[in-house]
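Heads up: the structure comes next, in structure tokens.
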Amino acid sequence: MVLLQPDPFLNELTAMYGRSTEKGSVWVTFKRSSMKSKAQRNKLGADALEFRCLVRATDDKKTISTSISAKDQQKFQSSYATVLKAHMHALKKRERKDKKKAAEVNKKEEKAPKKSRSSTKVTA
């Protein structure tokens, strides 16, 4: 896993989305982290810790990550939103069924008289 600065991370994330437009997925996770080991956290105490946001992205072939401080979070989120909006065109639209219309169609089918099949005799 490669720990990048925020701007190169966004550039690489854009490249990942570009590679996965036809086939594949990109997973992005956000996690609160102090970037310290458990022993170091116990020595420092709870007051001295500065928590950061660890952002990871993977496309099954490559994994990248970055660490965002609290003061840079707004800038990163706006840049990340821009990247997401630029690559939303690869998503497939989901077919949605309107519940009310579907219920009305079912009621009409139930109320409609069923045609009975009567046999007719043909005599010669």
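Here, A, B, ... name the chains of the structure tokens in the order displayed, residue numbers run from 1 inside each chain, and ligands are numbered from 1 in the same displayed order.
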_Those in stretch 8-96 of chain A with helix (DSSP H, G or I) from DSSP, as an MDAnalysis selection string_ = chainID A and resid 8:19 38:44 73:86 88:90
Since we have the selection now, will you write its residues out, keeping N, CA, C and O atoms, as a CSV table (one decimal), in the first residue's frame?
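The result, written out as out_33.csv:
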chain,number,residue,atom,x,y,z
A,8,PRO,N,-1.6,13.9,-5.3
A,8,PRO,CA,-1.3,12.7,-6.1
A,8,PRO,C,-2.3,11.6,-5.9
A,8,PRO,O,-2.5,10.8,-6.8
A,9,PHE,N,-2.8,11.5,-4.7
A,9,PHE,CA,-3.8,10.5,-4.4
A,9,PHE,C,-5.0,10.7,-5.3
A,9,PHE,O,-5.6,9.7,-5.9
A,10,LEU,N,-5.5,11.9,-5.4
A,10,LEU,CA,-6.7,12.2,-6.3
A,10,LEU,C,-6.4,12.0,-7.7
A,10,LEU,O,-7.2,11.5,-8.5
A,11,ASN,N,-5.1,12.3,-8.2
A,11,ASN,CA,-4.8,12.0,-9.5
A,11,ASN,C,-4.8,10.5,-9.8
A,11,ASN,O,-5.2,10.1,-10.9
A,12,GLU,N,-4.2,9.7,-8.9
A,12,GLU,CA,-4.2,8.3,-9.1
A,12,GLU,C,-5.6,7.7,-9.0
A,12,GLU,O,-5.9,6.7,-9.7
A,13,LEU,N,-6.4,8.2,-8.2
A,13,LEU,CA,-7.8,7.8,-8.1
A,13,LEU,C,-8.6,8.0,-9.4
A,13,LEU,O,-9.3,7.2,-9.8
A,14,THR,N,-8.3,9.2,-10.0
A,14,THR,CA,-8.9,9.5,-11.3
A,14,THR,C,-8.5,8.5,-12.3
A,14,THR,O,-9.3,8.0,-13.1
A,15,ALA,N,-7.2,8.1,-12.3
A,15,ALA,CA,-6.7,7.1,-13.2
A,15,ALA,C,-7.3,5.7,-12.9
A,15,ALA,O,-7.7,5.0,-13.9
A,16,MET,N,-7.6,5.4,-11.7
A,16,MET,CA,-8.2,4.1,-11.3
A,16,MET,C,-9.6,4.1,-11.9
A,16,MET,O,-10.1,3.1,-12.4
A,17,TYR,N,-10.4,5.2,-11.7
A,17,TYR,CA,-11.7,5.3,-12.3
A,17,TYR,C,-11.7,5.2,-13.8
A,17,TYR,O,-12.6,4.6,-14.4
A,18,GLY,N,-10.7,5.8,-14.4
A,18,GLY,CA,-10.6,5.7,-15.9
A,18,GLY,C,-10.3,4.2,-16.3
A,18,GLY,O,-10.9,3.8,-17.3
A,19,ARG,N,-9.5,3.5,-15.6
A,19,ARG,CA,-9.3,2.1,-16.0
A,19,ARG,C,-10.5,1.2,-15.7
A,19,ARG,O,-10.6,0.1,-16.4
A,38,LYS,N,-0.5,1.3,19.1
A,38,LYS,CA,-1.2,1.3,20.3
A,38,LYS,C,-0.3,1.7,21.5
A,38,LYS,O,-0.8,2.4,22.4
A,39,ALA,N,0.9,1.2,21.5
A,39,ALA,CA,1.8,1.5,22.6
A,39,ALA,C,2.1,3.0,22.7
A,39,ALA,O,2.1,3.6,23.8
A,40,GLN,N,2.3,3.7,21.5
A,40,GLN,CA,2.6,5.1,21.5
A,40,GLN,C,1.3,5.9,21.9
A,40,GLN,O,1.5,6.9,22.6
A,41,ARG,N,0.1,5.4,21.6
A,41,ARG,CA,-1.1,6.1,22.0
A,41,ARG,C,-1.2,6.0,23.5
A,41,ARG,O,-1.7,7.0,24.1
A,42,ASN,N,-0.9,4.9,24.1
A,42,ASN,CA,-1.0,4.8,25.5
A,42,ASN,C,-0.1,5.7,26.3
A,42,ASN,O,-0.4,6.3,27.3
A,43,LYS,N,1.1,5.9,25.7
A,43,LYS,CA,2.1,6.8,26.3
A,43,LYS,C,1.7,8.2,26.3
A,43,LYS,O,1.9,9.0,27.2
A,44,LEU,N,1.2,8.6,25.1
A,44,LEU,CA,0.8,10.0,24.9
A,44,LEU,C,-0.5,10.4,25.7
A,44,LEU,O,-0.6,11.6,26.1
A,73,GLN,N,-9.4,18.7,5.6
A,73,GLN,CA,-10.5,17.8,5.2
A,73,GLN,C,-11.5,18.5,4.2
A,73,GLN,O,-12.0,17.8,3.3
A,74,GLN,N,-11.9,19.7,4.4
A,74,GLN,CA,-12.8,20.4,3.6
A,74,GLN,C,-12.3,20.5,2.1
A,74,GLN,O,-13.0,20.2,1.2
A,75,LYS,N,-11.1,20.9,2.0
A,75,LYS,CA,-10.5,21.0,0.6
A,75,LYS,C,-10.4,19.6,0.0
A,75,LYS,O,-10.8,19.5,-1.2
A,76,PHE,N,-10.0,18.6,0.7
A,76,PHE,CA,-10.0,17.2,0.1
A,76,PHE,C,-11.4,16.7,-0.3
A,76,PHE,O,-11.5,16.2,-1.3
A,77,GLN,N,-12.4,17.0,0.6
A,77,GLN,CA,-13.7,16.5,0.3
A,77,GLN,C,-14.3,17.2,-1.0
A,77,GLN,O,-14.9,16.5,-1.8
A,78,SER,N,-14.0,18.5,-1.2
A,78,SER,CA,-14.5,19.1,-2.4
A,78,SER,C,-13.8,18.6,-3.6
A,78,SER,O,-14.4,18.4,-4.7
A,79,SER,N,-12.5,18.3,-3.5
A,79,SER,CA,-11.8,17.8,-4.7
A,79,SER,C,-12.2,16.4,-4.9
A,79,SER,O,-12.4,16.0,-6.1
A,80,TYR,N,-12.5,15.6,-3.9
A,80,TYR,CA,-12.9,14.2,-4.0
A,80,TYR,C,-14.3,14.2,-4.7
A,80,TYR,O,-14.6,13.4,-5.6
A,81,ALA,N,-15.2,15.1,-4.3
A,81,ALA,CA,-16.5,15.2,-4.9
A,81,ALA,C,-16.4,15.5,-6.4
A,81,ALA,O,-17.2,15.0,-7.2
A,82,THR,N,-15.5,16.4,-6.7
A,82,THR,CA,-15.3,16.7,-8.1
A,82,THR,C,-14.9,15.5,-8.9
A,82,THR,O,-15.4,15.2,-10.0
A,83,VAL,N,-14.0,14.7,-8.4
A,83,VAL,CA,-13.6,13.5,-9.1
A,83,VAL,C,-14.7,12.5,-9.2
A,83,VAL,O,-14.9,11.9,-10.3
A,84,LEU,N,-15.5,12.3,-8.2
A,84,LEU,CA,-16.7,11.4,-8.2
A,84,LEU,C,-17.7,11.9,-9.3
A,84,LEU,O,-18.2,11.0,-10.0
A,85,LYS,N,-18.0,13.1,-9.3
A,85,LYS,CA,-19.0,13.6,-10.2
A,85,LYS,C,-18.5,13.5,-11.7
A,85,LYS,O,-19.3,13.2,-12.6
A,86,ALA,N,-17.2,13.6,-11.9
A,86,ALA,CA,-16.7,13.4,-13.2
A,86,ALA,C,-16.7,12.0,-13.7
A,86,ALA,O,-16.8,11.7,-14.9
A,88,MET,N,-19.2,9.6,-12.7
A,88,MET,CA,-20.4,9.0,-12.4
A,88,MET,C,-21.1,8.5,-13.7
A,88,MET,O,-22.1,7.7,-13.6
A,89,HIS,N,-20.6,8.9,-14.8
A,89,HIS,CA,-21.3,8.5,-16.1
A,89,HIS,C,-21.1,7.0,-16.4
A,89,HIS,O,-21.9,6.5,-17.2
A,90,ALA,N,-20.2,6.3,-15.7
A,90,ALA,CA,-20.0,4.9,-16.0
A,90,ALA,C,-21.0,4.1,-15.2
A,90,ALA,O,-21.1,2.9,-15.5
*What's the 7 Å shell around stretch 54-64 of chain A, counting only C-alpha atoms, without same-chain residues fewer than 3 positions away, as a list in words?*
Met1, Val2, Leu3, Met16, Ser25, Val26, Trp27, Val28, Thr29, Phe30, Lys31, Arg32, Ser33, Ser67 and Ile68 of chain A
Keeping only N, CA, C and O atoms, write those residues as a tab-separated table (two decimals), in the first residue's frame.
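After the write, result05.tsv holds the following:
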chain	number	residue	atom	x	y	z
A	1	MET	N	0.85	-1.17	0.00
A	1	MET	CA	0.00	0.00	0.00
A	1	MET	C	0.89	1.23	0.00
A	1	MET	O	1.82	1.35	0.77
A	2	VAL	N	0.58	2.16	-0.87
A	2	VAL	CA	1.38	3.35	-1.05
A	2	VAL	C	0.68	4.52	-0.36
A	2	VAL	O	-0.48	4.80	-0.62
A	3	LEU	N	1.38	5.21	0.53
A	3	LEU	CA	0.83	6.38	1.21
A	3	LEU	C	1.26	7.63	0.43
A	3	LEU	O	2.43	7.98	0.39
A	16	MET	N	-7.55	5.39	-11.67
A	16	MET	CA	-8.23	4.13	-11.33
A	16	MET	C	-9.65	4.10	-11.89
A	16	MET	O	-10.09	3.10	-12.44
A	25	SER	N	-14.34	-2.43	-10.57
A	25	SER	CA	-14.85	-1.57	-9.52
A	25	SER	C	-13.70	-0.91	-8.79
A	25	SER	O	-12.58	-1.40	-8.80
A	26	VAL	N	-14.00	0.21	-8.16
A	26	VAL	CA	-13.04	0.90	-7.30
A	26	VAL	C	-13.69	1.04	-5.94
A	26	VAL	O	-14.82	1.52	-5.83
A	27	TRP	N	-13.01	0.61	-4.90
A	27	TRP	CA	-13.50	0.72	-3.53
A	27	TRP	C	-12.71	1.80	-2.82
A	27	TRP	O	-11.49	1.79	-2.84
A	28	VAL	N	-13.42	2.70	-2.16
A	28	VAL	CA	-12.80	3.78	-1.39
A	28	VAL	C	-13.31	3.67	0.04
A	28	VAL	O	-14.52	3.58	0.26
A	29	THR	N	-12.40	3.67	1.00
A	29	THR	CA	-12.78	3.59	2.41
A	29	THR	C	-12.17	4.76	3.16
A	29	THR	O	-11.06	5.20	2.85
A	30	PHE	N	-12.90	5.24	4.16
A	30	PHE	CA	-12.45	6.31	5.05
A	30	PHE	C	-12.41	5.74	6.46
A	30	PHE	O	-13.34	5.07	6.88
A	31	LYS	N	-11.33	6.04	7.18
A	31	LYS	CA	-11.18	5.51	8.53
A	31	LYS	C	-10.49	6.54	9.41
A	31	LYS	O	-9.52	7.17	8.98
A	32	ARG	N	-10.96	6.67	10.63
A	32	ARG	CA	-10.31	7.56	11.59
A	32	ARG	C	-9.06	6.88	12.12
A	32	ARG	O	-9.09	5.71	12.50
A	33	SER	N	-7.95	7.60	12.12
A	33	SER	CA	-6.70	7.00	12.53
A	33	SER	C	-5.81	8.05	13.19
A	33	SER	O	-5.82	9.21	12.82
A	67	SER	N	-3.46	10.28	4.00
A	67	SER	CA	-3.88	10.67	5.34
A	67	SER	C	-4.23	12.15	5.31
A	67	SER	O	-3.43	12.97	4.86
A	68	ILE	N	-5.43	12.48	5.80
A	68	ILE	CA	-5.94	13.85	5.74
A	68	ILE	C	-6.07	14.39	7.15
A	68	ILE	O	-6.69	13.76	8.01
*asked:* Just checking: using only C-alpha atoms, which residue out of A:Ala70, A:Ser65, A:Val105, A:Glu110 ends up closest to A:Asp7?
replied: A:Ser65
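Distances to A:Ser20 were evaluated for A:His87, A:Lys107, A:Lys99, A:Arg94 using only C-alpha atoms, and the minimum falls at A:His87.
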